[in-house]
Amino acid sequence: MKPRTATDHRPRSTASGTRSGWASAAALCLVMSTACAGPATGDGTAADARPGAAGVGDRLFPALGNGGYDVTHYGLTLDYVPETNHLKGTAVITARATQDLSRFDLDLSGLRVRAATVHGAKAHVARSGDELVVTPARTVRNDEVFTTIVTYDGTPRTIEGDDGGLEGWIETDDGSTALGEPTGSMTWFPGNHHPSDKATYDIRVTVPKDEEGDFYDVVSNGELIAEEDKGGTVTRHWRTEEPMAGYLAHVSVGHFEIHKGWAHGHLPVYVAVDPDESEDAGAVARLVPEIIDWADERFGPYPFSSTGAVVDHLPGLDYALETQTKPYFAEAPDEALLVHELAHQWFGNSVTPRGWKDMWLSEGMATYAEWLWEEDQGGRSTDEIFEDFYDGTDAEAEGIWAFPPADPPGGGRVSDPPVYGRGAMVMHKVREAVGDEAFFGILRTWTRQHRHGNADTRQFVSLCESRSGKDLTELFGTWLFNKKKPARM
Ligand code: TRP
Ligand code: ZN
């Protein structure tokens with residue numbers, strides 16, 4: 001889905017726009033009356049149709065995502081058997097072409113592809129690394145809204161990164177969990193898995209009963225809109241109504257205690273806790289609405305139709321993830337981590353970095369939210385935390401000067417300390433320079449202007465300057481872009 005910003009009020013493309021394009025191509029063929037390569041010739045080719053690019057050109061992840069189309073919706077129907085870790089899937093992908101497409105790629109890692117159709121007609125598929133190359137029976141025209149259906153199955157992969165971190169489809173002691181940052185979502189569904197292409201989702205998962213005869217639970221993003229007991233299996237249907245980047249898509253299968261509640265009176269809260277963590281996670285269901293209300297005042301209105309958390313029991317995983325609407329925790333989180341992942345719902349999930357090098361905007365702000373929370377709770381002031389990061393007395397300051405936050409030296413470094421701690425320091429410096437009123441005004445303007453879209457570092461810098469009326473070149477040059485640790489001023 002194309003980001004919709006305050007300056008982008010154009011309506012979504014419609015089928016009628018596509019039809020008029022076809023009509024004029026056909027008319028041109030009649031006039032020319034000689035060999036015309038338009039669709040009206042019936043051979044399904046168009047002279048100007050090209051393959052969509054195999055990646056969107058992200059500097060840190062060049063092959064991630066695909067060119068030539070923009071996904072608006074994923075309808076995923078999954079069948080999962082925890083005992084065998086076997087997944088069967090059908091992905092219905094609705095997209096709009098951004099060029100004439102002779103063929104296009106989807107990102108997919110592992111699994112067997114059984115068949116694909118485009119517009120209901122059988123399409124040719126080929127695999128090449130993590131690219132699924134789809135050649136439709138006829139050219140997809142620029143601006144056309146088209147549906148691709150891919151059926152697939154197999155044992156989904158767990159990806160182990162260079163740093164030993166796990167992502168993708170991960171088995172747990174009572175089921176599985178799917179985590180997608182930065183590239184893991186391609187292990188369980190084909191798609192355009194770059195953060196710049198956001199889409200809405202319907203995720204339906206069918207699971208059997210466990211050995212004791214109890215159905216497995218399924219928790220995913222958004223709201224649970226249907227549950228169908230089919231005797232031996234149950235299907236749970238989760239819907240994400242607001243655009244979501246692929247790396248935030250999530251499914252957890254297992255057994256969970258469900259705590260339902262409300263934040264500010266009308267926002268549904270859904271907290272799922274693995275029984276092995278229930279003792280330590282006792283405060284989570286109470287804290288989620290409290291933190292959401294706190295953040296709402298500082299960052300602007302909460303951007304999604306529901307909120308919550310998933311507290312799983314997966315001791316091997318050393319991170320949490322801000323999976324949309326319900327952040328995922330591998331064990332009971334402390335308050336600061338809960339604040340961090342919930343702050344991401346504004347910074348990262350609703351306003352999503354345009355590219356991976358812009359990730360400091362989301363991690364820096366989520367980290368700064370932790371500082372703000374600590375200050376408001378009567379802990380260290382944000383000035384004191386800044387000092388503790390500068391002089392290295394805070395344990396999380398380790399490694400924060402390795403590179404400038406907006407310029408990680410490689411894809412494997414996007415979750416390194418400079419992106420977090422030094423990113424938060426940049427936010428604090430901006431606040432110091434412009435004052436509290438302008439700073440929180442900037443945050444609220446940012447979340448409003450780019451709500452459900454994408455935004456980058458340059459846009460943030462220019463908003464800070466325009467909103468405060470100050471030239472902040474030197475501030476950003478020193479704290480954000482400079483390779484070295486800034487000298488004490
Ligand atoms: N985004 C997660 C958080 O801040 C951390 C994380 C997990 C991450 N995997 C990653 C960040 C991969 C960048 C890349 O809680
Ligand atoms: Zn984070």
# chains A, B, ... in the order shown; residues from 1 in each chain; ligands from 1

$ residues_around --residues "stretch 363-371 of chain A" --least-positions-apart "3" --cutoff "9 Å" --atoms "only C-alpha atoms" --output "VMD selection string"
chain A and resid 295 335 to 344 346 to 348 359 to 360 374 to 376 380 to 382 385 to 386 405 415 418 to 428

$ write_last_selection --atoms "N, CA, C and O atoms" --output "compact mmCIF listing (two decimals), in the first residue's frame"
# COMPACT_ATOMS: atom_id res chain seq x y z
N ALA A 295 1.13 7.41 26.49
CA ALA A 295 1.76 7.72 25.20
C ALA A 295 0.84 8.56 24.31
O ALA A 295 1.31 9.42 23.56
N GLU A 335 8.92 -3.07 32.66
CA GLU A 335 8.15 -1.90 32.24
C GLU A 335 8.79 -1.16 31.07
O GLU A 335 8.11 -0.74 30.14
N ALA A 336 10.11 -1.00 31.13
CA ALA A 336 10.80 -0.23 30.10
C ALA A 336 10.63 -0.89 28.73
O ALA A 336 10.38 -0.22 27.72
N LEU A 337 10.73 -2.21 28.68
CA LEU A 337 10.60 -2.92 27.40
C LEU A 337 9.16 -2.82 26.88
O LEU A 337 8.93 -2.64 25.67
N LEU A 338 8.21 -2.90 27.79
CA LEU A 338 6.80 -2.76 27.40
C LEU A 338 6.56 -1.36 26.82
O LEU A 338 5.92 -1.20 25.78
N VAL A 339 7.11 -0.34 27.47
CA VAL A 339 6.99 1.03 26.97
C VAL A 339 7.63 1.14 25.58
O VAL A 339 7.06 1.73 24.66
N HIS A 340 8.82 0.55 25.43
CA HIS A 340 9.54 0.60 24.16
C HIS A 340 8.69 0.03 23.02
O HIS A 340 8.49 0.67 21.99
N GLU A 341 8.18 -1.18 23.21
CA GLU A 341 7.44 -1.85 22.13
C GLU A 341 6.10 -1.18 21.86
O GLU A 341 5.64 -1.13 20.72
N LEU A 342 5.47 -0.64 22.89
CA LEU A 342 4.19 0.06 22.67
C LEU A 342 4.44 1.41 21.99
O LEU A 342 3.65 1.84 21.14
N ALA A 343 5.54 2.08 22.33
CA ALA A 343 5.87 3.35 21.65
C ALA A 343 6.08 3.13 20.15
O ALA A 343 5.78 3.99 19.33
N HIS A 344 6.59 1.94 19.80
CA HIS A 344 6.77 1.61 18.39
C HIS A 344 5.46 1.61 17.60
O HIS A 344 5.48 1.72 16.38
N TRP A 346 3.38 3.90 17.44
CA TRP A 346 3.38 5.21 16.80
C TRP A 346 4.61 5.35 15.88
O TRP A 346 4.48 5.75 14.73
N PHE A 347 5.77 5.02 16.44
CA PHE A 347 7.05 5.26 15.75
C PHE A 347 7.60 3.93 15.24
O PHE A 347 8.20 3.17 16.00
N GLY A 348 7.36 3.64 14.00
CA GLY A 348 7.80 2.36 13.42
C GLY A 348 6.63 1.67 12.74
O GLY A 348 6.72 1.29 11.58
N MET A 359 15.83 3.47 10.25
CA MET A 359 15.30 2.74 11.40
C MET A 359 15.60 3.45 12.73
O MET A 359 14.90 3.24 13.71
N TRP A 360 16.62 4.31 12.76
CA TRP A 360 16.92 5.03 14.00
C TRP A 360 15.73 5.90 14.44
O TRP A 360 15.54 6.15 15.63
N GLU A 374 10.63 6.76 32.39
CA GLU A 374 11.40 6.71 33.64
C GLU A 374 11.34 8.05 34.38
O GLU A 374 11.11 8.10 35.59
N GLU A 375 11.50 9.13 33.62
CA GLU A 375 11.42 10.47 34.21
C GLU A 375 10.05 10.70 34.86
O GLU A 375 9.96 11.14 36.01
N ASP A 376 8.99 10.35 34.14
CA ASP A 376 7.63 10.56 34.66
C ASP A 376 7.32 9.67 35.86
O ASP A 376 6.44 10.00 36.66
N ARG A 380 15.34 8.46 37.05
CA ARG A 380 16.28 9.48 36.57
C ARG A 380 15.57 10.46 35.64
O ARG A 380 14.63 10.08 34.94
N SER A 381 16.04 11.69 35.62
CA SER A 381 15.51 12.64 34.64
C SER A 381 16.12 12.30 33.28
O SER A 381 17.14 11.62 33.20
N THR A 382 15.48 12.78 32.21
CA THR A 382 16.03 12.49 30.87
C THR A 382 17.41 13.13 30.71
O THR A 382 18.25 12.59 30.01
N ILE A 385 19.72 10.63 32.28
CA ILE A 385 19.90 9.44 31.43
C ILE A 385 20.83 9.78 30.25
O ILE A 385 21.72 9.01 29.90
N PHE A 386 20.61 10.98 29.67
CA PHE A 386 21.48 11.42 28.58
C PHE A 386 22.94 11.40 29.04
O PHE A 386 23.82 10.88 28.33
N PRO A 405 23.88 6.94 13.71
CA PRO A 405 22.62 6.18 13.73
C PRO A 405 21.94 6.02 12.37
O PRO A 405 21.36 4.98 12.09
N SER A 415 20.19 -3.34 14.10
CA SER A 415 19.69 -3.39 15.48
C SER A 415 20.82 -3.16 16.48
O SER A 415 20.72 -3.54 17.64
N PRO A 418 24.06 2.00 18.33
CA PRO A 418 23.94 3.41 17.89
C PRO A 418 22.53 3.78 17.44
O PRO A 418 22.08 4.91 17.66
N VAL A 419 21.84 2.82 16.80
CA VAL A 419 20.49 3.07 16.29
C VAL A 419 19.53 3.35 17.45
O VAL A 419 18.61 4.16 17.33
N TYR A 420 19.78 2.72 18.59
CA TYR A 420 18.91 2.86 19.76
C TYR A 420 19.36 4.02 20.66
O TYR A 420 18.74 5.06 20.73
N GLY A 421 20.48 3.80 21.36
CA GLY A 421 20.91 4.75 22.37
C GLY A 421 21.30 6.11 21.81
O GLY A 421 20.87 7.15 22.30
N ARG A 422 22.13 6.08 20.75
CA ARG A 422 22.53 7.37 20.18
C ARG A 422 21.34 8.02 19.49
O ARG A 422 21.22 9.25 19.47
N GLY A 423 20.44 7.19 18.92
CA GLY A 423 19.21 7.72 18.33
C GLY A 423 18.38 8.48 19.37
O GLY A 423 17.87 9.57 19.10
N ALA A 424 18.27 7.91 20.56
CA ALA A 424 17.53 8.58 21.63
C ALA A 424 18.22 9.87 22.04
O ALA A 424 17.56 10.87 22.35
N MET A 425 19.55 9.87 22.02
CA MET A 425 20.30 11.09 22.38
C MET A 425 20.01 12.21 21.39
O MET A 425 19.93 13.38 21.77
N VAL A 426 19.85 11.85 20.10
CA VAL A 426 19.51 12.86 19.09
C VAL A 426 18.16 13.50 19.45
O VAL A 426 18.02 14.73 19.42
N MET A 427 17.20 12.66 19.81
CA MET A 427 15.88 13.17 20.18
C MET A 427 15.99 14.13 21.38
O MET A 427 15.35 15.18 21.41
N HIS A 428 16.81 13.74 22.34
CA HIS A 428 16.96 14.60 23.52
C HIS A 428 17.59 15.93 23.17
O HIS A 428 17.21 16.98 23.68

$ residues_around --residues "stretch 466-471 of chain A" --least-positions-apart "3" --cutoff "7 Å" --atoms "only C-alpha atoms" --output "list in words"
Val434, Ala438, Ile442, Ser462 and Leu463 of chain A

$ write_last_selection --atoms "C-alpha atoms" --output "PDB file, in the first residue's frame"
ATOM      1  CA  VAL A 434      13.573  23.621  20.603  1.00  0.00           C
ATOM      2  CA  ALA A 438       7.829  22.585  20.170  1.00  0.00           C
ATOM      3  CA  ILE A 442       6.898  18.005  16.429  1.00  0.00           C
ATOM      4  CA  SER A 462      13.034  19.402   7.992  1.00  0.00           C
ATOM      5  CA  LEU A 463       9.981  19.087  10.265  1.00  0.00           C
TER       6      LEU A 463
END

$ closest_residue --among "A:Pro136, A:Gly254, A:Gly120, A:Gly154" --to "A:Pro82" --atoms "only C-alpha atoms"
A:Gly254

$ atom_distance --atom1 "atom CA of A:Gly110" --atom2 "atom CA of A:Asp202"
22.2 Å

$ closest_residue --among "A:Tyr328, A:Tyr216, A:Tyr69, A:Trp373" --to "A:Ile291" --atoms "only C-alpha atoms"
A:Trp373

$ closest_residue --among "A:Thr473, A:Thr187, A:Thr323, A:Thr457" --to "ligand 2" --atoms "only C-alpha atoms and all ligand atoms"
A:Thr323

$ residues_around --residues "A:Glu160" --least-positions-apart "5" --cutoff "12 Å" --atoms "only C-alpha atoms" --output "NGL selection string"
:A and (165-170 or 179-184 or 187 or 317 or 412)

$ write_last_selection --atoms "C-alpha atoms" --output "PDB file, in the first residue's frame"
ATOM      1  CA  GLY A 165      19.439 -13.889  16.433  1.00  0.00           C
ATOM      2  CA  LEU A 166      16.496 -15.987  15.302  1.00  0.00           C
ATOM      3  CA  GLU A 167      13.647 -14.839  13.109  1.00  0.00           C
ATOM      4  CA  GLY A 168      11.192 -16.280  10.638  1.00  0.00           C
ATOM      5  CA  TRP A 169       9.106 -19.242  11.767  1.00  0.00           C
ATOM      6  CA  ILE A 170      10.292 -20.398  15.192  1.00  0.00           C
ATOM      7  CA  LEU A 179       8.730 -12.941  13.659  1.00  0.00           C
ATOM      8  CA  GLY A 180       9.735 -10.855  10.684  1.00  0.00           C
ATOM      9  CA  GLU A 181      12.383  -8.246  11.457  1.00  0.00           C
ATOM     10  CA  PRO A 182      14.188  -7.595   9.240  1.00  0.00           C
ATOM     11  CA  THR A 183      13.401 -10.274   6.624  1.00  0.00           C
ATOM     12  CA  GLY A 184      11.737 -13.233   8.390  1.00  0.00           C
ATOM     13  CA  THR A 187       9.550 -17.675   5.506  1.00  0.00           C
ATOM     14  CA  LEU A 317      15.075 -15.551  21.916  1.00  0.00           C
ATOM     15  CA  GLY A 412      23.413  -6.918   9.988  1.00  0.00           C
TER      16      GLY A 412
END

$ atom_distance --atom1 "atom CA of A:Pro51" --atom2 "atom CA of A:Thr155"
29.7 Å

$ closest_residue --among "A:Phe329, A:Trp188, A:Trp479, A:Tyr80" --to "ligand 2" --atoms "only C-alpha atoms and all ligand atoms"
A:Phe329

$ select_by_dssp --residues "stretch 224-333 of chain A" --states "strand (DSSP E)" --output "VMD selection string"
chain A and resid 224 to 229 233 to 244 251 to 254 257 to 263 267 to 273 307 to 311 328 to 329

$ atom_distance --atom1 "atom CA of A:Ala178" --atom2 "atom CA of A:Ala249"
7.9 Å

$ residues_around --residues "A:Ser305" --least-positions-apart "5" --cutoff "8 Å" --atoms "only C-alpha atoms" --output "ChimeraX atom specification"
/A:222-223,241-242,267-268

$ residues_around --residues "stretch 83-85 of chain A" --least-positions-apart "2" --cutoff "12 Å" --atoms "only C-alpha atoms" --output "compact mmCIF listing (two decimals) with N, CA, C and O atoms, in the first residue's frame"
# COMPACT_ATOMS: atom_id res chain seq x y z
N ASP A 79 -2.83 -23.37 7.33
CA ASP A 79 -3.18 -24.59 8.04
C ASP A 79 -1.90 -25.01 8.73
O ASP A 79 -0.90 -25.25 8.06
N TYR A 80 -1.91 -25.10 10.05
CA TYR A 80 -0.65 -25.42 10.73
C TYR A 80 -0.84 -26.56 11.71
O TYR A 80 -1.79 -26.58 12.50
N VAL A 81 0.09 -27.52 11.66
CA VAL A 81 0.07 -28.66 12.58
C VAL A 81 1.32 -28.59 13.45
O VAL A 81 2.43 -28.87 12.98
N LEU A 87 3.25 -26.47 7.54
CA LEU A 87 2.40 -25.32 7.20
C LEU A 87 1.89 -25.47 5.78
O LEU A 87 2.64 -25.81 4.87
N LYS A 88 0.60 -25.21 5.60
CA LYS A 88 0.01 -25.18 4.27
C LYS A 88 -0.60 -23.81 4.11
O LYS A 88 -1.31 -23.36 5.02
N ASP A 153 3.33 -25.03 0.62
CA ASP A 153 3.36 -25.82 1.85
C ASP A 153 4.79 -26.21 2.18
O ASP A 153 5.70 -26.00 1.39
N GLY A 154 4.94 -26.79 3.36
CA GLY A 154 6.26 -27.26 3.78
C GLY A 154 6.53 -26.92 5.24
O GLY A 154 5.63 -26.48 5.96
N THR A 155 7.76 -27.16 5.63
CA THR A 155 8.20 -26.78 6.99
C THR A 155 8.86 -25.42 6.88
O THR A 155 9.89 -25.29 6.24
N PRO A 156 8.24 -24.40 7.47
CA PRO A 156 8.81 -23.06 7.31
C PRO A 156 10.15 -22.90 8.01
O PRO A 156 10.40 -23.51 9.05
N ARG A 157 11.00 -22.10 7.41
CA ARG A 157 12.36 -21.91 7.92
C ARG A 157 12.44 -21.00 9.13
O ARG A 157 11.70 -20.02 9.22
N THR A 158 13.41 -21.31 9.98
CA THR A 158 13.86 -20.35 10.98
C THR A 158 15.14 -19.75 10.40
O THR A 158 15.99 -20.49 9.92
N TRP A 169 10.07 -18.36 11.09
CA TRP A 169 9.11 -19.24 11.77
C TRP A 169 9.86 -20.02 12.83
O TRP A 169 10.77 -20.79 12.52
N ILE A 170 9.52 -19.82 14.09
CA ILE A 170 10.29 -20.40 15.19
C ILE A 170 9.39 -21.33 16.01
O ILE A 170 8.30 -20.92 16.44
N GLU A 171 9.84 -22.55 16.22
CA GLU A 171 9.06 -23.47 17.07
C GLU A 171 9.25 -23.10 18.54
O GLU A 171 10.36 -22.75 18.97
N THR A 172 8.18 -23.21 19.31
CA THR A 172 8.25 -23.00 20.76
C THR A 172 7.91 -24.32 21.45
O THR A 172 7.60 -25.30 20.77
N ASP A 173 7.94 -24.33 22.78
CA ASP A 173 7.65 -25.60 23.46
C ASP A 173 6.19 -26.02 23.32
O ASP A 173 5.86 -27.18 23.52
N ASP A 174 5.32 -25.09 22.95
CA ASP A 174 3.92 -25.49 22.79
C ASP A 174 3.31 -24.98 21.48
O ASP A 174 2.11 -24.78 21.39
N GLY A 175 4.13 -24.77 20.48
CA GLY A 175 3.59 -24.31 19.20
C GLY A 175 4.65 -23.63 18.36
O GLY A 175 5.71 -24.20 18.10
N SER A 176 4.39 -22.38 17.98
CA SER A 176 5.34 -21.68 17.12
C SER A 176 5.07 -20.19 17.19
O SER A 176 4.03 -19.75 17.69
N THR A 177 6.03 -19.44 16.67
CA THR A 177 5.81 -18.01 16.54
C THR A 177 6.51 -17.52 15.26
O THR A 177 7.53 -18.06 14.87
N TRP A 188 7.12 -17.42 5.79
CA TRP A 188 5.78 -18.01 5.94
C TRP A 188 4.73 -17.46 4.98
O TRP A 188 3.66 -18.03 4.88
N VAL A 207 -5.89 -24.71 13.14
CA VAL A 207 -5.02 -25.55 13.97
C VAL A 207 -5.83 -26.71 14.55
O VAL A 207 -7.04 -26.60 14.74
N PRO A 208 -5.15 -27.81 14.88
CA PRO A 208 -5.84 -28.97 15.46
C PRO A 208 -5.88 -28.88 16.99
O PRO A 208 -5.57 -27.84 17.57
N LYS A 209 -6.26 -30.01 17.60
CA LYS A 209 -6.21 -30.12 19.06
C LYS A 209 -4.86 -30.68 19.49
O LYS A 209 -4.20 -31.38 18.72
N ASP A 210 -4.47 -30.38 20.72
CA ASP A 210 -3.22 -30.95 21.24
C ASP A 210 -3.50 -32.35 21.80
O ASP A 210 -4.63 -32.85 21.71
N GLU A 211 -2.48 -32.97 22.40
CA GLU A 211 -2.63 -34.34 22.93
C GLU A 211 -3.74 -34.46 23.96
O GLU A 211 -4.37 -35.50 24.10
N TYR A 216 -5.36 -25.67 19.98
CA TYR A 216 -4.30 -24.66 20.11
C TYR A 216 -4.92 -23.28 19.96
O TYR A 216 -5.91 -23.11 19.25
N VAL A 253 1.23 -19.55 17.68
CA VAL A 253 0.38 -20.71 17.97
C VAL A 253 0.88 -21.30 19.28
O VAL A 253 2.08 -21.40 19.50
N GLY A 254 -0.03 -21.68 20.15
CA GLY A 254 0.37 -22.26 21.43
C GLY A 254 -0.80 -22.24 22.38
O GLY A 254 -1.96 -22.28 21.93

$ residues_around --residues "A:Asn221" --least-positions-apart "5" --cutoff "9 Å" --atoms "only C-alpha atoms" --output "PDB file with N, CA, C and O atoms, in the first residue's frame"
ATOM      1  N   TYR A 201      -4.283  -6.720   6.155  1.00  0.00           N
ATOM      2  CA  TYR A 201      -4.154  -8.185   6.207  1.00  0.00           C
ATOM      3  C   TYR A 201      -5.407  -8.849   6.760  1.00  0.00           C
ATOM      4  O   TYR A 201      -6.019  -8.341   7.706  1.00  0.00           O
ATOM      5  N   ILE A 203      -5.681 -12.684   8.211  1.00  0.00           N
ATOM      6  CA  ILE A 203      -4.895 -13.890   8.479  1.00  0.00           C
ATOM      7  C   ILE A 203      -5.807 -14.926   9.136  1.00  0.00           C
ATOM      8  O   ILE A 203      -6.335 -14.696  10.230  1.00  0.00           O
ATOM      9  N   TRP A 238      -7.960 -13.357  12.028  1.00  0.00           N
ATOM     10  CA  TRP A 238      -7.515 -12.070  12.555  1.00  0.00           C
ATOM     11  C   TRP A 238      -7.438 -11.063  11.418  1.00  0.00           C
ATOM     12  O   TRP A 238      -6.958 -11.373  10.330  1.00  0.00           O
ATOM     13  N   ARG A 239      -7.899  -9.852  11.684  1.00  0.00           N
ATOM     14  CA  ARG A 239      -7.898  -8.821  10.646  1.00  0.00           C
ATOM     15  C   ARG A 239      -7.110  -7.591  11.089  1.00  0.00           C
ATOM     16  O   ARG A 239      -7.286  -7.086  12.203  1.00  0.00           O
ATOM     17  N   THR A 240      -6.246  -7.125  10.193  1.00  0.00           N
ATOM     18  CA  THR A 240      -5.494  -5.886  10.397  1.00  0.00           C
ATOM     19  C   THR A 240      -6.040  -4.855   9.427  1.00  0.00           C
ATOM     20  O   THR A 240      -5.830  -4.958   8.223  1.00  0.00           O
ATOM     21  N   LEU A 248       6.254  -6.597  10.453  1.00  0.00           N
ATOM     22  CA  LEU A 248       5.465  -6.513  11.687  1.00  0.00           C
ATOM     23  C   LEU A 248       4.354  -7.554  11.752  1.00  0.00           C
ATOM     24  O   LEU A 248       3.618  -7.630  12.726  1.00  0.00           O
ATOM     25  N   ALA A 249       4.244  -8.357  10.668  1.00  0.00           N
ATOM     26  CA  ALA A 249       3.211  -9.399  10.641  1.00  0.00           C
ATOM     27  C   ALA A 249       3.612 -10.523  11.592  1.00  0.00           C
ATOM     28  O   ALA A 249       4.792 -10.871  11.695  1.00  0.00           O
ATOM     29  N   HIS A 250       2.626 -11.088  12.267  1.00  0.00           N
ATOM     30  CA  HIS A 250       2.936 -12.032  13.337  1.00  0.00           C
ATOM     31  C   HIS A 250       1.825 -13.054  13.533  1.00  0.00           C
ATOM     32  O   HIS A 250       0.641 -12.712  13.431  1.00  0.00           O
ATOM     33  N   VAL A 251       2.227 -14.282  13.808  1.00  0.00           N
ATOM     34  CA  VAL A 251       1.288 -15.325  14.242  1.00  0.00           C
ATOM     35  C   VAL A 251       1.961 -16.111  15.352  1.00  0.00           C
ATOM     36  O   VAL A 251       3.124 -16.503  15.215  1.00  0.00           O
ATOM     37  N   THR A 323       5.559  -6.165  16.927  1.00  0.00           N
ATOM     38  CA  THR A 323       4.521  -6.668  16.031  1.00  0.00           C
ATOM     39  C   THR A 323       3.233  -5.848  16.188  1.00  0.00           C
ATOM     40  O   THR A 323       2.815  -5.555  17.305  1.00  0.00           O
ATOM     41  N   GLN A 324       2.648  -5.492  15.029  1.00  0.00           N
ATOM     42  CA  GLN A 324       1.619  -4.450  15.037  1.00  0.00           C
ATOM     43  C   GLN A 324       0.401  -4.809  15.903  1.00  0.00           C
ATOM     44  O   GLN A 324      -0.125  -5.901  15.804  1.00  0.00           O
ATOM     45  N   THR A 325      -0.013  -3.869  16.660  1.00  0.00           N
ATOM     46  CA  THR A 325      -1.104  -3.897  17.659  1.00  0.00           C
ATOM     47  C   THR A 325      -0.765  -4.698  18.919  1.00  0.00           C
ATOM     48  O   THR A 325      -1.169  -4.316  20.015  1.00  0.00           O
ATOM     49  N   LYS A 326      -0.043  -5.826  18.769  1.00  0.00           N
ATOM     50  CA  LYS A 326       0.324  -6.631  19.935  1.00  0.00           C
ATOM     51  C   LYS A 326       1.797  -6.973  19.885  1.00  0.00           C
ATOM     52  O   LYS A 326       2.186  -7.938  19.236  1.00  0.00           O
ATOM     53  N   PRO A 327       2.651  -6.197  20.555  1.00  0.00           N
ATOM     54  CA  PRO A 327       4.072  -6.542  20.547  1.00  0.00           C
ATOM     55  C   PRO A 327       4.309  -7.923  21.144  1.00  0.00           C
ATOM     56  O   PRO A 327       3.545  -8.385  21.994  1.00  0.00           O
TER      57      PRO A 327
END

$ residues_around --residues "A:Thr147" --least-positions-apart "3" --cutoff "7 Å" --atoms "only C-alpha atoms" --output "count of residues only"
6

$ closest_residue --among "A:Gly410, A:Gly52, A:Gly261, A:Gly232" --to "ligand 1" --atoms "only C-alpha atoms and all ligand atoms"
A:Gly410

$ decode --residues "stretch 382-393 of chain A" --atoms "N, CA, C and O atoms" --output "JSON list (two decimals), in the first residue's frame"
[["chain", "number", "residue", "atom", "x", "y", "z"],
["A", 382, "THR", "N", 15.48, 12.78, 32.21],
["A", 382, "THR", "CA", 16.03, 12.49, 30.87],
["A", 382, "THR", "C", 17.41, 13.13, 30.71],
["A", 382, "THR", "O", 18.25, 12.59, 30.01],
["A", 383, "ASP", "N", 17.65, 14.28, 31.40],
["A", 383, "ASP", "CA", 19.01, 14.88, 31.37],
["A", 383, "ASP", "C", 20.02, 13.92, 31.99],
["A", 383, "ASP", "O", 21.12, 13.75, 31.46],
["A", 384, "GLU", "N", 19.62, 13.30, 33.09],
["A", 384, "GLU", "CA", 20.55, 12.36, 33.76],
["A", 384, "GLU", "C", 20.79, 11.13, 32.90],
["A", 384, "GLU", "O", 21.92, 10.65, 32.80],
["A", 385, "ILE", "N", 19.72, 10.63, 32.28],
["A", 385, "ILE", "CA", 19.90, 9.44, 31.43],
["A", 385, "ILE", "C", 20.83, 9.78, 30.25],
["A", 385, "ILE", "O", 21.72, 9.01, 29.90],
["A", 386, "PHE", "N", 20.61, 10.98, 29.67],
["A", 386, "PHE", "CA", 21.48, 11.42, 28.58],
["A", 386, "PHE", "C", 22.94, 11.40, 29.04],
["A", 386, "PHE", "O", 23.82, 10.88, 28.33],
["A", 387, "GLU", "N", 23.20, 11.95, 30.21],
["A", 387, "GLU", "CA", 24.57, 11.98, 30.75],
["A", 387, "GLU", "C", 25.12, 10.55, 30.94],
["A", 387, "GLU", "O", 26.28, 10.28, 30.64],
["A", 388, "ASP", "N", 24.25, 9.66, 31.45],
["A", 388, "ASP", "CA", 24.68, 8.27, 31.67],
["A", 388, "ASP", "C", 25.01, 7.57, 30.36],
["A", 388, "ASP", "O", 25.85, 6.66, 30.33],
["A", 389, "PHE", "N", 24.33, 7.97, 29.29],
["A", 389, "PHE", "CA", 24.67, 7.41, 27.97],
["A", 389, "PHE", "C", 25.96, 8.05, 27.45],
["A", 389, "PHE", "O", 26.81, 7.39, 26.87],
["A", 390, "TYR", "N", 26.07, 9.36, 27.66],
["A", 390, "TYR", "CA", 27.26, 10.06, 27.14],
["A", 390, "TYR", "C", 28.53, 9.53, 27.80],
["A", 390, "TYR", "O", 29.53, 9.25, 27.13],
["A", 391, "ASP", "N", 28.50, 9.38, 29.14],
["A", 391, "ASP", "CA", 29.73, 8.95, 29.80],
["A", 391, "ASP", "C", 29.82, 7.42, 29.95],
["A", 391, "ASP", "O", 30.80, 6.90, 30.49],
["A", 392, "GLY", "N", 28.80, 6.72, 29.48],
["A", 392, "GLY", "CA", 28.88, 5.26, 29.43],
["A", 392, "GLY", "C", 28.53, 4.54, 30.72],
["A", 392, "GLY", "O", 28.73, 3.33, 30.82],
["A", 393, "THR", "N", 27.96, 5.25, 31.70],
["A", 393, "THR", "CA", 27.60, 4.55, 32.95],
["A", 393, "THR", "C", 26.32, 3.73, 32.81],
["A", 393, "THR", "O", 26.11, 2.79, 33.55]]
